[in-house]
Amino acid sequence: MRRKKSCFFTGVIAAVATIAMAGCSSGAESKEIQENTASTTAAGIEIRTENISTSASYYDMTVDGTNVEIFAVLASDGTVRLAMNTCQVCNGSPYAYFEQDGDDFVCQNCGNRFSSDQIGLTGGGCNPVPITDDDYSEASGTITVSEAFLKKNAYRFSNWKQF
């Protein structure tokens with residue numbers, strides 16, 4: 001049984017625009033799509049680390065015609081954690097994405113919660129798809145998530161946020 005949403009996102013979808021996400025009236029933190037802190041290159045997506053904080057930064061991109069989203073967050077130990085914004089078990093559902101609630105990330109389909117310290121470390125099960133050290137490189141204040149990793153995982157978003 002699908003969990004009922006307590007609030008709905010508003011936004012206008014343009015042919016080449018990013019979806020702008022508005023906060024819920026329940027007081028949940030609003031989700032901001034970061035601009036000018038990430039760019040797509042032939043190598044993958046590049047994320048400048050200077051703006052990553054304990055409030056997650058979300059990055060949308062198109063990979064082989066599929067909308068894909070990753071997020072970055074600063075864990076309590078000061079390390080940057082990365083994940084694809086879809087649940088490994090729920091990813092067939094359009095609600096298989098995570099929203100931040102304090103230090104936790106909550107799957108909007110199943111309701112499972114994960115602290116920022118768990119992001120990017122745990123594979124398998126019902127959690128965000130981790131982006132590990134093997135999937136990205138870091139140099140000069142920039143993290144580059146490889147194009148190969150993004151392409152390999154784009155299928156996880158085939159039904160994502162299609163409500």
# chains A, B, ... in the order shown; residues from 1 in each chain; ligands from 1

call {"tool": "residues_around", "arguments": {"residues": "Thr62 of chain A", "least_positions_apart": "5", "cutoff": "10 Å", "atoms": "only C-alpha atoms", "output": "list in words"}}
result
Thr40, Asn67, Val68, Glu69, Leu150, Lys151 and Ala154 of chain A

call {"tool": "residues_around", "arguments": {"residues": "Ser53 of chain A", "least_positions_apart": "2", "cutoff": "8 Å", "atoms": "only C-alpha atoms", "output": "list of chain:residue names"}}
result
A:Asn51, A:Ser55, A:Ala56, A:Ser57, A:Val73, A:Leu74

call {"tool": "write_last_selection", "arguments": {"atoms": "all heavy atoms", "output": "compact mmCIF listing (two decimals), in the first residue's frame"}}
result
# COMPACT_ATOMS: atom_id res chain seq x y z
N ASN A 51 29.95 24.58 -0.98
CA ASN A 51 28.59 24.88 -0.51
C ASN A 51 27.88 23.69 0.11
O ASN A 51 26.72 23.80 0.48
CB ASN A 51 27.75 25.42 -1.67
CG ASN A 51 28.26 26.75 -2.17
OD1 ASN A 51 28.76 27.55 -1.40
ND2 ASN A 51 28.18 26.96 -3.46
N SER A 55 22.71 20.66 5.49
CA SER A 55 21.46 20.70 4.71
C SER A 55 21.80 20.17 3.33
O SER A 55 22.67 20.71 2.65
CB SER A 55 20.92 22.12 4.59
OG SER A 55 20.50 22.59 5.84
N ALA A 56 21.12 19.12 2.92
CA ALA A 56 21.45 18.44 1.66
C ALA A 56 21.34 19.37 0.46
O ALA A 56 20.48 20.24 0.40
CB ALA A 56 20.54 17.24 1.45
N SER A 57 22.25 19.17 -0.47
CA SER A 57 22.21 19.82 -1.77
C SER A 57 21.78 18.77 -2.77
O SER A 57 22.36 17.68 -2.81
CB SER A 57 23.59 20.37 -2.15
OG SER A 57 24.03 21.32 -1.22
N VAL A 73 25.58 15.70 1.25
CA VAL A 73 25.35 16.24 2.59
C VAL A 73 26.63 16.06 3.41
O VAL A 73 27.41 15.14 3.17
CB VAL A 73 24.14 15.54 3.28
CG1 VAL A 73 24.43 14.06 3.55
CG2 VAL A 73 23.69 16.27 4.53
N LEU A 74 26.82 16.95 4.35
CA LEU A 74 27.97 16.87 5.25
C LEU A 74 27.56 16.05 6.47
O LEU A 74 26.61 16.41 7.17
CB LEU A 74 28.38 18.29 5.66
CG LEU A 74 29.78 18.50 6.19
CD1 LEU A 74 30.82 18.10 5.16
CD2 LEU A 74 29.96 19.95 6.58

call {"tool": "residues_around", "arguments": {"residues": "Pro94 of chain A", "least_positions_apart": "6", "cutoff": "12 Å", "atoms": "only C-alpha atoms", "output": "PDB file with C-alpha atoms, in the first residue's frame"}}
result
ATOM      1  CA  ARG A   2       1.383   3.373  -1.007  1.00  0.00           C
ATOM      2  CA  ARG A   3       1.900   5.906   1.758  1.00  0.00           C
ATOM      3  CA  LYS A   5       1.619  12.255   0.937  1.00  0.00           C
ATOM      4  CA  ASN A  85      18.040  10.250  -4.573  1.00  0.00           C
ATOM      5  CA  THR A  86      16.100   7.030  -4.931  1.00  0.00           C
ATOM      6  CA  CYS A  87      15.422   4.139  -2.594  1.00  0.00           C
ATOM      7  CA  CYS A 107      11.933   7.688   1.862  1.00  0.00           C
ATOM      8  CA  GLN A 108       8.677   9.206   0.623  1.00  0.00           C
ATOM      9  CA  ASN A 109       7.401   5.747  -0.368  1.00  0.00           C
ATOM     10  CA  CYS A 110       8.134   3.462   2.602  1.00  0.00           C
ATOM     11  CA  ARG A 156      16.510   3.310 -11.172  1.00  0.00           C
ATOM     12  CA  PHE A 157      14.763   6.586 -12.098  1.00  0.00           C
ATOM     13  CA  SER A 158      12.558   5.285 -14.943  1.00  0.00           C
ATOM     14  CA  ASN A 159       9.330   5.800 -12.932  1.00  0.00           C
ATOM     15  CA  TRP A 160      10.727   8.358 -10.504  1.00  0.00           C
ATOM     16  CA  LYS A 161       8.493  11.303  -9.504  1.00  0.00           C
ATOM     17  CA  GLN A 162       5.974  10.530 -12.249  1.00  0.00           C
ATOM     18  CA  PHE A 163       2.812  11.200 -10.220  1.00  0.00           C
TER      19      PHE A 163
END

call {"tool": "residues_around", "arguments": {"residues": "Asp135 of chain A", "least_positions_apart": "4", "cutoff": "7 Å", "atoms": "only C-alpha atoms", "output": "PyMOL selection string"}}
result
chain A and resi 131+145-146+149

call {"tool": "residues_around", "arguments": {"residues": "Asp104 of chain A", "least_positions_apart": "2", "cutoff": "10 Å", "atoms": "only C-alpha atoms", "output": "list of chain:residue names"}}
result
A:Phe98, A:Glu99, A:Gln100, A:Asp101, A:Gly102, A:Val106, A:Cys107, A:Asn112, A:Arg113, A:Phe114, A:Ser115, A:Ser116, A:Asp117, A:Gln118, A:Ile119

call {"tool": "residues_around", "arguments": {"residues": "Ile47 of chain A", "least_positions_apart": "3", "cutoff": "9 Å", "atoms": "only C-alpha atoms", "output": "PyMOL selection string"}}
result
chain A and resi 37-40+59+72+141-145

call {"tool": "write_last_selection", "arguments": {"atoms": "N, CA, C and O atoms", "output": "short mmCIF file (atom, residue, chain, number, x, y, z; two decimals), in the first residue's frame"}}
result
data_model
loop_
_atom_site.label_atom_id
_atom_site.label_comp_id
_atom_site.auth_asym_id
_atom_site.auth_seq_id
_atom_site.Cartn_x
_atom_site.Cartn_y
_atom_site.Cartn_z
N THR A 37 26.61 25.21 -8.69
CA THR A 37 27.53 24.47 -7.86
C THR A 37 27.79 23.09 -8.44
O THR A 37 28.55 22.33 -7.89
N ALA A 38 27.15 22.77 -9.55
CA ALA A 38 27.37 21.49 -10.23
C ALA A 38 27.27 21.73 -11.72
O ALA A 38 26.54 22.60 -12.18
N SER A 39 28.01 20.93 -12.45
CA SER A 39 27.91 21.01 -13.90
C SER A 39 28.16 19.62 -14.47
O SER A 39 28.84 18.81 -13.86
N THR A 40 27.55 19.36 -15.60
CA THR A 40 27.78 18.08 -16.25
C THR A 40 28.90 18.25 -17.27
O THR A 40 29.00 19.27 -17.94
N TYR A 59 20.99 17.66 -6.83
CA TYR A 59 21.45 17.99 -8.17
C TYR A 59 20.69 17.15 -9.19
O TYR A 59 20.76 15.92 -9.15
N ALA A 72 24.08 15.54 -1.92
CA ALA A 72 25.31 15.58 -1.14
C ALA A 72 24.98 16.23 0.20
O ALA A 72 24.19 17.16 0.28
N GLY A 141 38.70 20.91 -4.61
CA GLY A 141 37.38 21.36 -4.17
C GLY A 141 36.23 20.96 -5.06
O GLY A 141 35.14 21.51 -4.97
N THR A 142 36.45 19.98 -5.93
CA THR A 142 35.40 19.51 -6.83
C THR A 142 35.29 18.00 -6.75
O THR A 142 36.30 17.29 -6.81
N ILE A 143 34.07 17.51 -6.61
CA ILE A 143 33.78 16.08 -6.66
C ILE A 143 33.22 15.80 -8.04
O ILE A 143 32.32 16.50 -8.50
N THR A 144 33.74 14.77 -8.70
CA THR A 144 33.23 14.36 -10.01
C THR A 144 32.67 12.95 -9.89
O THR A 144 33.41 12.00 -9.60
N VAL A 145 31.35 12.83 -10.08
CA VAL A 145 30.69 11.53 -10.10
C VAL A 145 30.78 11.05 -11.55
O VAL A 145 30.36 11.75 -12.46
#

call {"tool": "atom_distance", "arguments": {"atom1": "atom CA of Ala43 of chain A", "atom2": "atom CA of Asn127 of chain A"}}
result
26.2 Å

call {"tool": "atom_distance", "arguments": {"atom1": "atom CA of Asp134 of chain A", "atom2": "atom CA of Asp103 of chain A"}}
result
25.0 Å

call {"tool": "atom_distance", "arguments": {"atom1": "atom CA of Gly111 of chain A", "atom2": "atom CA of Asn91 of chain A"}}
result
13.2 Å

call {"tool": "select_by_dssp", "arguments": {"residues": "segment 67-116 of chain A", "states": "strand (DSSP E)", "output": "PyMOL selection string"}}
result
chain A and resi 67-74+80-87+98-101+104-107+113-115

call {"tool": "closest_residue", "arguments": {"among": "A:Ala96, A:Thr49, A:Ala139, A:Val129", "to": "Lys152 of chain A", "atoms": "only C-alpha atoms"}}
result
A:Val129

call {"tool": "select_by_dssp", "arguments": {"residues": "segment 31-153 of chain A", "states": "alpha helix (DSSP H)", "output": "list of chain:residue names"}}
result
A:Glu147, A:Ala148, A:Phe149, A:Leu150, A:Lys151, A:Lys152, A:Asn153

call {"tool": "write_last_selection", "arguments": {"atoms": "all heavy atoms", "output": "compact mmCIF listing (two decimals), in the first residue's frame"}}
result
# COMPACT_ATOMS: atom_id res chain seq x y z
N GLU A 147 30.51 9.49 -15.22
CA GLU A 147 29.43 9.29 -16.19
C GLU A 147 29.03 7.81 -16.24
O GLU A 147 27.86 7.48 -16.34
CB GLU A 147 29.86 9.77 -17.57
CG GLU A 147 28.78 9.58 -18.61
CD GLU A 147 29.25 9.98 -20.00
OE1 GLU A 147 30.44 9.87 -20.29
OE2 GLU A 147 28.38 10.38 -20.79
N ALA A 148 30.01 6.92 -16.14
CA ALA A 148 29.72 5.48 -16.18
C ALA A 148 28.81 5.08 -15.03
O ALA A 148 27.85 4.31 -15.22
CB ALA A 148 31.02 4.68 -16.14
N PHE A 149 29.06 5.60 -13.84
CA PHE A 149 28.21 5.30 -12.68
C PHE A 149 26.80 5.83 -12.90
O PHE A 149 25.81 5.15 -12.62
CB PHE A 149 28.81 5.89 -11.41
CG PHE A 149 27.95 5.68 -10.21
CD1 PHE A 149 27.95 4.47 -9.53
CD2 PHE A 149 27.11 6.69 -9.76
CE1 PHE A 149 27.14 4.28 -8.42
CE2 PHE A 149 26.30 6.51 -8.65
CZ PHE A 149 26.31 5.30 -7.97
N LEU A 150 26.70 7.05 -13.39
CA LEU A 150 25.38 7.66 -13.62
C LEU A 150 24.59 6.85 -14.66
O LEU A 150 23.41 6.57 -14.47
CB LEU A 150 25.54 9.11 -14.06
CG LEU A 150 26.16 10.05 -13.01
CD1 LEU A 150 26.48 11.39 -13.63
CD2 LEU A 150 25.26 10.19 -11.80
N LYS A 151 25.24 6.47 -15.73
CA LYS A 151 24.57 5.69 -16.78
C LYS A 151 24.15 4.32 -16.26
O LYS A 151 23.06 3.84 -16.56
CB LYS A 151 25.48 5.53 -18.01
CG LYS A 151 25.57 6.79 -18.83
CD LYS A 151 26.38 6.57 -20.08
CE LYS A 151 26.31 7.82 -20.94
NZ LYS A 151 26.62 7.57 -22.32
N LYS A 152 25.02 3.70 -15.48
CA LYS A 152 24.73 2.38 -14.92
C LYS A 152 23.50 2.40 -14.01
O LYS A 152 22.78 1.40 -13.90
CB LYS A 152 25.96 1.89 -14.16
CG LYS A 152 25.81 0.56 -13.47
CD LYS A 152 27.13 0.20 -12.81
CE LYS A 152 26.88 -0.46 -11.50
NZ LYS A 152 28.10 -0.71 -10.74
N ASN A 153 23.23 3.52 -13.38
CA ASN A 153 22.15 3.60 -12.40
C ASN A 153 20.94 4.41 -12.86
O ASN A 153 19.97 4.54 -12.12
CB ASN A 153 22.69 4.17 -11.09
CG ASN A 153 23.52 3.16 -10.36
OD1 ASN A 153 22.99 2.26 -9.73
ND2 ASN A 153 24.84 3.28 -10.47

call {"tool": "closest_residue", "arguments": {"among": "A:Phe71, A:Tyr136, A:Phe105, A:Tyr58", "to": "Met84 of chain A", "atoms": "only C-alpha atoms"}}
result
A:Phe71
